[in-house]
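Working notes, beginning with the structure itself.
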Amino acid sequence: MKILPKLLVLMALLMPLGAENLPILTLDEAIAAASENNLTLKQAAISANQRIRNANNYVKDYLPTFGISVTADTGVSFPSATVEKTDFDGFGLELGATANFSYTLNGSKITGNNTRNLEKEAASLSYETAYDSIEEAVTQAYWTLATYDIAIDNARTALSDAQANYESTLEMYNSGLVDELTLSNMELELNNRELTLVEAENSKELAMASFKASTGIEEDFQTEPLPDTVQLSLPDASVLFNEYAEATATIRSARNELASAENSKKEATLNQYMPTVSASVGYTYRGSISSKGSAAVPAGDYNTSINNLTGSVTVSIPISSYIPGSSMDVQRQATADNVTIKSLSLQDKQNSLLSDIRSSILTIEQQQAQLDMLETSLEIAERTYKLREESYNAGLSSASDLSDSRSALLSAQNNLLSARLNHLLSSNKLATTLGINLQDLQETYSITEKETV
């Protein structure tokens, strides 16, 4: 019969110790790293900044057009039939300036400021939604890594117990107190516990690689411990909806889309029925000075050749737009239909949000009932294993019985760990759905001691 070397077990027990020297990466740091390296979020940030600049830029609508011109000339006369010698015939300098301002009042100008603000809000909401998505994904992955640490610790403890039991059984076997089958069962238990530890470590390694790829983190690290399980006493879904719905990004985005549709309808209506008023003002100036005199201007005198101010006002009445079925009329009706569509979309998102809240509450309540049962199961498994170990050491139980109790304990530990993770993720999902953080949810709706009596 092949006996597992003690050295192999000791190596398996010592492998995780190096992790204790790694720096701790907090959840907030992980979210910040993922946000910094996420390309989608970077695009959303650029778009939001563009919209903010556009919304705050009023100059482009009202800035006059200015211009300035300078012209200089000089000349030399060369010998010809009429000129006997080369001669410099003087210089000239001309200065000019223009200033023009035009403004057109139409539906687009009236609604333009509101349009820019709505676009800015939409871009900000898009960024917020992208960030929330990253935050939720990173949180789930981070807590999953933390559960692997606990699972590895449990597996390591189980392996340590299996090693001690195997060594005790080996001594009994060498003394003739147990048979070879008993020793073989303990060896099998030892091998199984080692395999469980290796599988847990491999699973964490894969999860760590995926986490690093999604966050852009390259260095190895430790996670913080898994947060405590806080059981919640949640009110009815409609109460939570009325309390938090309007502040959520989902409903704010839907209302922004509805407001944008209403603004487009207003613009289309104004464009169809409102006369377009255009006004322009222009000023032109030009003057010159020259060393070459003329009949009108002596040499060296400054001459203003152009100096005038012009202006105009034009009113355009869109008579054809008043006709039903015209392109402007069709456009206005389309924008009115879009308002109805966005209104229905808002109602649909409100209904979906209420449904999500209701589903999360039900899930959390079921998970909390399961947590209570699993905690009881773990207490029983721990007590059973302790009694079984005492019985085995007294020679009253078989190695197989002890192995079964150890397996039941490890299974109870892992089941409770999985349930804790699922409860945390469900609680965090509900908090994200409500637009608040997990800590606020837990502090507001945690079960009090009075409620647990």
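Ordering of the structure tokens sets the chain letters (A, B, ...); residue numbers start at 1 within each chain; ligands are numbered from 1 in the order shown.
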How close does stretch 395-452 of chain A get to stretch 361-369 of chain A? List, as CSV, each residue of stretch 395-452 of chain A within 8 Å, its nearest atom pair and the distance in Å to one decimal, counting only C-alpha atoms.
residue,atom,partner,partner_atom,distance
A:Ala419,CA,A:Gln367,CA,7.0
A:Asn422,CA,A:Gln367,CA,7.7
A:His423,CA,A:Gln367,CA,6.1
A:Ser426,CA,A:Ile364,CA,6.4
A:Ser427,CA,A:Ile364,CA,6.9
A:Leu430,CA,A:Ile361,CA,7.8
Okay, now the selection with N, CA and C atoms, as a PDB file, in the first residue's frame?
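Output below, filename selection.pdb:
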ATOM      1  N   ALA A 419     -23.587  30.520   0.925  1.00  0.00           N
ATOM      2  CA  ALA A 419     -24.828  31.223   1.252  1.00  0.00           C
ATOM      3  C   ALA A 419     -24.546  32.655   1.709  1.00  0.00           C
ATOM      4  N   ASN A 422     -23.783  34.691  -1.419  1.00  0.00           N
ATOM      5  CA  ASN A 422     -25.007  34.969  -2.181  1.00  0.00           C
ATOM      6  C   ASN A 422     -25.861  36.035  -1.499  1.00  0.00           C
ATOM      7  N   HIS A 423     -25.922  35.996  -0.170  1.00  0.00           N
ATOM      8  CA  HIS A 423     -26.700  37.003   0.566  1.00  0.00           C
ATOM      9  C   HIS A 423     -26.067  38.382   0.426  1.00  0.00           C
ATOM     10  N   SER A 426     -26.766  39.630  -3.128  1.00  0.00           N
ATOM     11  CA  SER A 426     -28.166  40.033  -3.281  1.00  0.00           C
ATOM     12  C   SER A 426     -28.442  41.346  -2.568  1.00  0.00           C
ATOM     13  N   SER A 427     -27.864  41.515  -1.375  1.00  0.00           N
ATOM     14  CA  SER A 427     -28.027  42.768  -0.635  1.00  0.00           C
ATOM     15  C   SER A 427     -27.401  43.928  -1.399  1.00  0.00           C
ATOM     16  N   LEU A 430     -29.576  44.843  -4.368  1.00  0.00           N
ATOM     17  CA  LEU A 430     -30.728  45.653  -3.962  1.00  0.00           C
ATOM     18  C   LEU A 430     -30.296  47.083  -3.684  1.00  0.00           C
TER      19      LEU A 430
END
Query - Residues of stretch 188-222 of chain A in helix (DSSP H, G or I), written as a list of chain:residue names - result: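 So, restricting stretch 188-222 of chain A to helix (DSSP H, G or I), we get A:Leu188, A:Glu189, A:Leu190, A:Asn191, A:Asn192, A:Arg193, A:Glu194, A:Leu195, A:Thr196, A:Leu197, A:Val198, A:Glu199, A:Ala200, A:Glu201, A:Asn202, A:Ser203, A:Lys204, A:Glu205, A:Leu206, A:Ala207, A:Met208, A:Ala209, A:Ser210, A:Phe211, A:Lys212, A:Ala213, A:Ser214, A:Thr215.
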Output N, CA and C atoms of each residue in that selection to a file, as a tab-separated table (two decimals), in the first residue's frame.
chain	number	residue	atom	x	y	z
A	188	LEU	N	-6.86	7.58	2.38
A	188	LEU	CA	-7.77	8.09	1.36
A	188	LEU	C	-8.35	9.45	1.78
A	189	GLU	N	-8.71	9.53	3.07
A	189	GLU	CA	-9.22	10.81	3.58
A	189	GLU	C	-8.16	11.90	3.44
A	190	LEU	N	-6.91	11.56	3.73
A	190	LEU	CA	-5.83	12.53	3.62
A	190	LEU	C	-5.65	12.99	2.18
A	191	ASN	N	-5.68	12.04	1.26
A	191	ASN	CA	-5.57	12.39	-0.16
A	191	ASN	C	-6.73	13.27	-0.61
A	192	ASN	N	-7.93	12.94	-0.17
A	192	ASN	CA	-9.12	13.73	-0.55
A	192	ASN	C	-9.03	15.16	-0.03
A	193	ARG	N	-8.54	15.30	1.20
A	193	ARG	CA	-8.43	16.65	1.76
A	193	ARG	C	-7.35	17.46	1.03
A	194	GLU	N	-6.27	16.82	0.65
A	194	GLU	CA	-5.24	17.50	-0.12
A	194	GLU	C	-5.79	17.94	-1.47
A	195	LEU	N	-6.56	17.06	-2.11
A	195	LEU	CA	-7.16	17.38	-3.40
A	195	LEU	C	-8.12	18.56	-3.27
A	196	THR	N	-8.90	18.60	-2.19
A	196	THR	CA	-9.83	19.71	-1.96
A	196	THR	C	-9.08	21.03	-1.83
A	197	LEU	N	-7.95	21.00	-1.11
A	197	LEU	CA	-7.15	22.22	-0.95
A	197	LEU	C	-6.58	22.67	-2.29
A	198	VAL	N	-6.03	21.75	-3.07
A	198	VAL	CA	-5.46	22.10	-4.36
A	198	VAL	C	-6.53	22.66	-5.29
A	199	GLU	N	-7.70	22.06	-5.29
A	199	GLU	CA	-8.80	22.55	-6.14
A	199	GLU	C	-9.21	23.97	-5.74
A	200	ALA	N	-9.28	24.22	-4.44
A	200	ALA	CA	-9.65	25.57	-3.97
A	200	ALA	C	-8.59	26.58	-4.38
A	201	GLU	N	-7.32	26.21	-4.27
A	201	GLU	CA	-6.24	27.12	-4.66
A	201	GLU	C	-6.23	27.36	-6.17
A	202	ASN	N	-6.50	26.31	-6.94
A	202	ASN	CA	-6.56	26.48	-8.40
A	202	ASN	C	-7.73	27.37	-8.81
A	203	SER	N	-8.87	27.20	-8.14
A	203	SER	CA	-10.04	28.02	-8.45
A	203	SER	C	-9.76	29.49	-8.15
A	204	LYS	N	-9.07	29.73	-7.02
A	204	LYS	CA	-8.74	31.11	-6.69
A	204	LYS	C	-7.75	31.69	-7.70
A	205	GLU	N	-6.79	30.88	-8.14
A	205	GLU	CA	-5.82	31.35	-9.11
A	205	GLU	C	-6.49	31.79	-10.41
A	206	LEU	N	-7.47	30.99	-10.87
A	206	LEU	CA	-8.20	31.36	-12.08
A	206	LEU	C	-9.02	32.63	-11.86
A	207	ALA	N	-9.69	32.70	-10.71
A	207	ALA	CA	-10.49	33.89	-10.41
A	207	ALA	C	-9.60	35.12	-10.28
A	208	MET	N	-8.41	34.96	-9.72
A	208	MET	CA	-7.48	36.08	-9.56
A	208	MET	C	-7.01	36.59	-10.93
A	209	ALA	N	-6.71	35.65	-11.84
A	209	ALA	CA	-6.28	36.05	-13.18
A	209	ALA	C	-7.37	36.83	-13.89
A	210	SER	N	-8.61	36.38	-13.76
A	210	SER	CA	-9.74	37.10	-14.38
A	210	SER	C	-9.93	38.47	-13.75
A	211	PHE	N	-9.77	38.54	-12.43
A	211	PHE	CA	-9.94	39.80	-11.71
A	211	PHE	C	-8.88	40.80	-12.14
A	212	LYS	N	-7.62	40.36	-12.25
A	212	LYS	CA	-6.55	41.25	-12.66
A	212	LYS	C	-6.78	41.76	-14.08
A	213	ALA	N	-7.25	40.87	-14.96
A	213	ALA	CA	-7.49	41.28	-16.34
A	213	ALA	C	-8.59	42.33	-16.43
A	214	SER	N	-9.61	42.22	-15.59
A	214	SER	CA	-10.74	43.15	-15.66
A	214	SER	C	-10.46	44.48	-14.97
A	215	THR	N	-9.52	44.49	-14.03
A	215	THR	CA	-9.22	45.72	-13.28
A	215	THR	C	-7.93	46.39	-13.73
Requested in this report: Going by DSSP on the backbone, which bits of stretch 103-342 of chain A are strand (DSSP E)? Write them as a ChimeraX atom specification, please.
Outcome: /A:103-105,222-223,276-290,302-316
Quick one: write out the picked residues with C-alpha atoms as a tab-separated table (two decimals), in the first residue's frame?
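out_31.tsv, written as the output of this step:
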chain	number	residue	atom	x	y	z
A	103	TYR	CA	-28.75	86.58	-34.85
A	104	THR	CA	-31.66	84.43	-35.88
A	105	LEU	CA	-34.53	83.80	-33.49
A	222	GLN	CA	-4.60	39.96	-0.44
A	223	THR	CA	-8.26	40.83	-0.19
A	276	THR	CA	-38.20	83.39	-38.01
A	277	VAL	CA	-36.65	86.73	-37.12
A	278	SER	CA	-33.13	87.48	-38.38
A	279	ALA	CA	-31.16	90.59	-37.47
A	280	SER	CA	-27.71	91.65	-38.54
A	281	VAL	CA	-25.45	94.61	-37.83
A	282	GLY	CA	-22.21	95.36	-39.63
A	283	TYR	CA	-19.56	98.04	-39.39
A	284	THR	CA	-16.82	98.61	-41.95
A	285	TYR	CA	-13.90	100.99	-41.76
A	286	ARG	CA	-11.00	101.59	-44.12
A	287	GLY	CA	-8.40	104.35	-44.18
A	288	SER	CA	-5.05	104.95	-45.82
A	289	ILE	CA	-1.96	107.13	-45.90
A	290	SER	CA	0.49	107.51	-48.77
A	302	TYR	CA	-4.47	110.34	-43.76
A	303	ASN	CA	-7.62	109.54	-45.76
A	304	THR	CA	-10.74	107.70	-44.57
A	305	SER	CA	-12.13	106.00	-47.61
A	306	ILE	CA	-14.89	103.84	-46.02
A	307	ASN	CA	-16.68	104.32	-42.73
A	308	ASN	CA	-20.22	102.97	-42.59
A	309	LEU	CA	-22.65	101.12	-40.36
A	310	THR	CA	-25.29	98.80	-41.83
A	311	GLY	CA	-28.13	96.79	-40.32
A	312	SER	CA	-31.12	94.74	-41.34
A	313	VAL	CA	-34.06	92.88	-39.85
A	314	THR	CA	-35.85	90.09	-41.69
A	315	VAL	CA	-39.07	88.38	-40.66
A	316	SER	CA	-39.90	85.08	-42.40
Query raised in the report: What is the atom CA of A:Val239 to atom CA of A:Gly435 distance in Å?
Result: 14.7 Å
**Report entry** Minimum-distance residue to A:Lys120, chosen among A:Leu258, A:Ile46, A:Ala137, A:Ala151 (using only C-alpha atoms)
**Finding:** A:Ile46
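Compared by their closest atoms to A:Ala34, and using only C-alpha atoms, the residues A:Glu218, A:Asn185, A:Asn113, A:Asn54 rank with A:Glu218 nearest.
Comparing A:Asp220, A:Asp153, A:Glu389, A:Glu29 by their smallest distance to A:Asp401, the closest is A:Glu389 (using only C-alpha atoms).
For A:Thr335, the non-local neighbours within 9 Å, defined as residues at least 5 positions apart in the same chain or in other chains and counting only C-alpha atoms, are A:Ala261, A:Glu262, A:Ser264, A:Lys265, A:Lys266, A:Ala268, A:Val330, A:Thr340.
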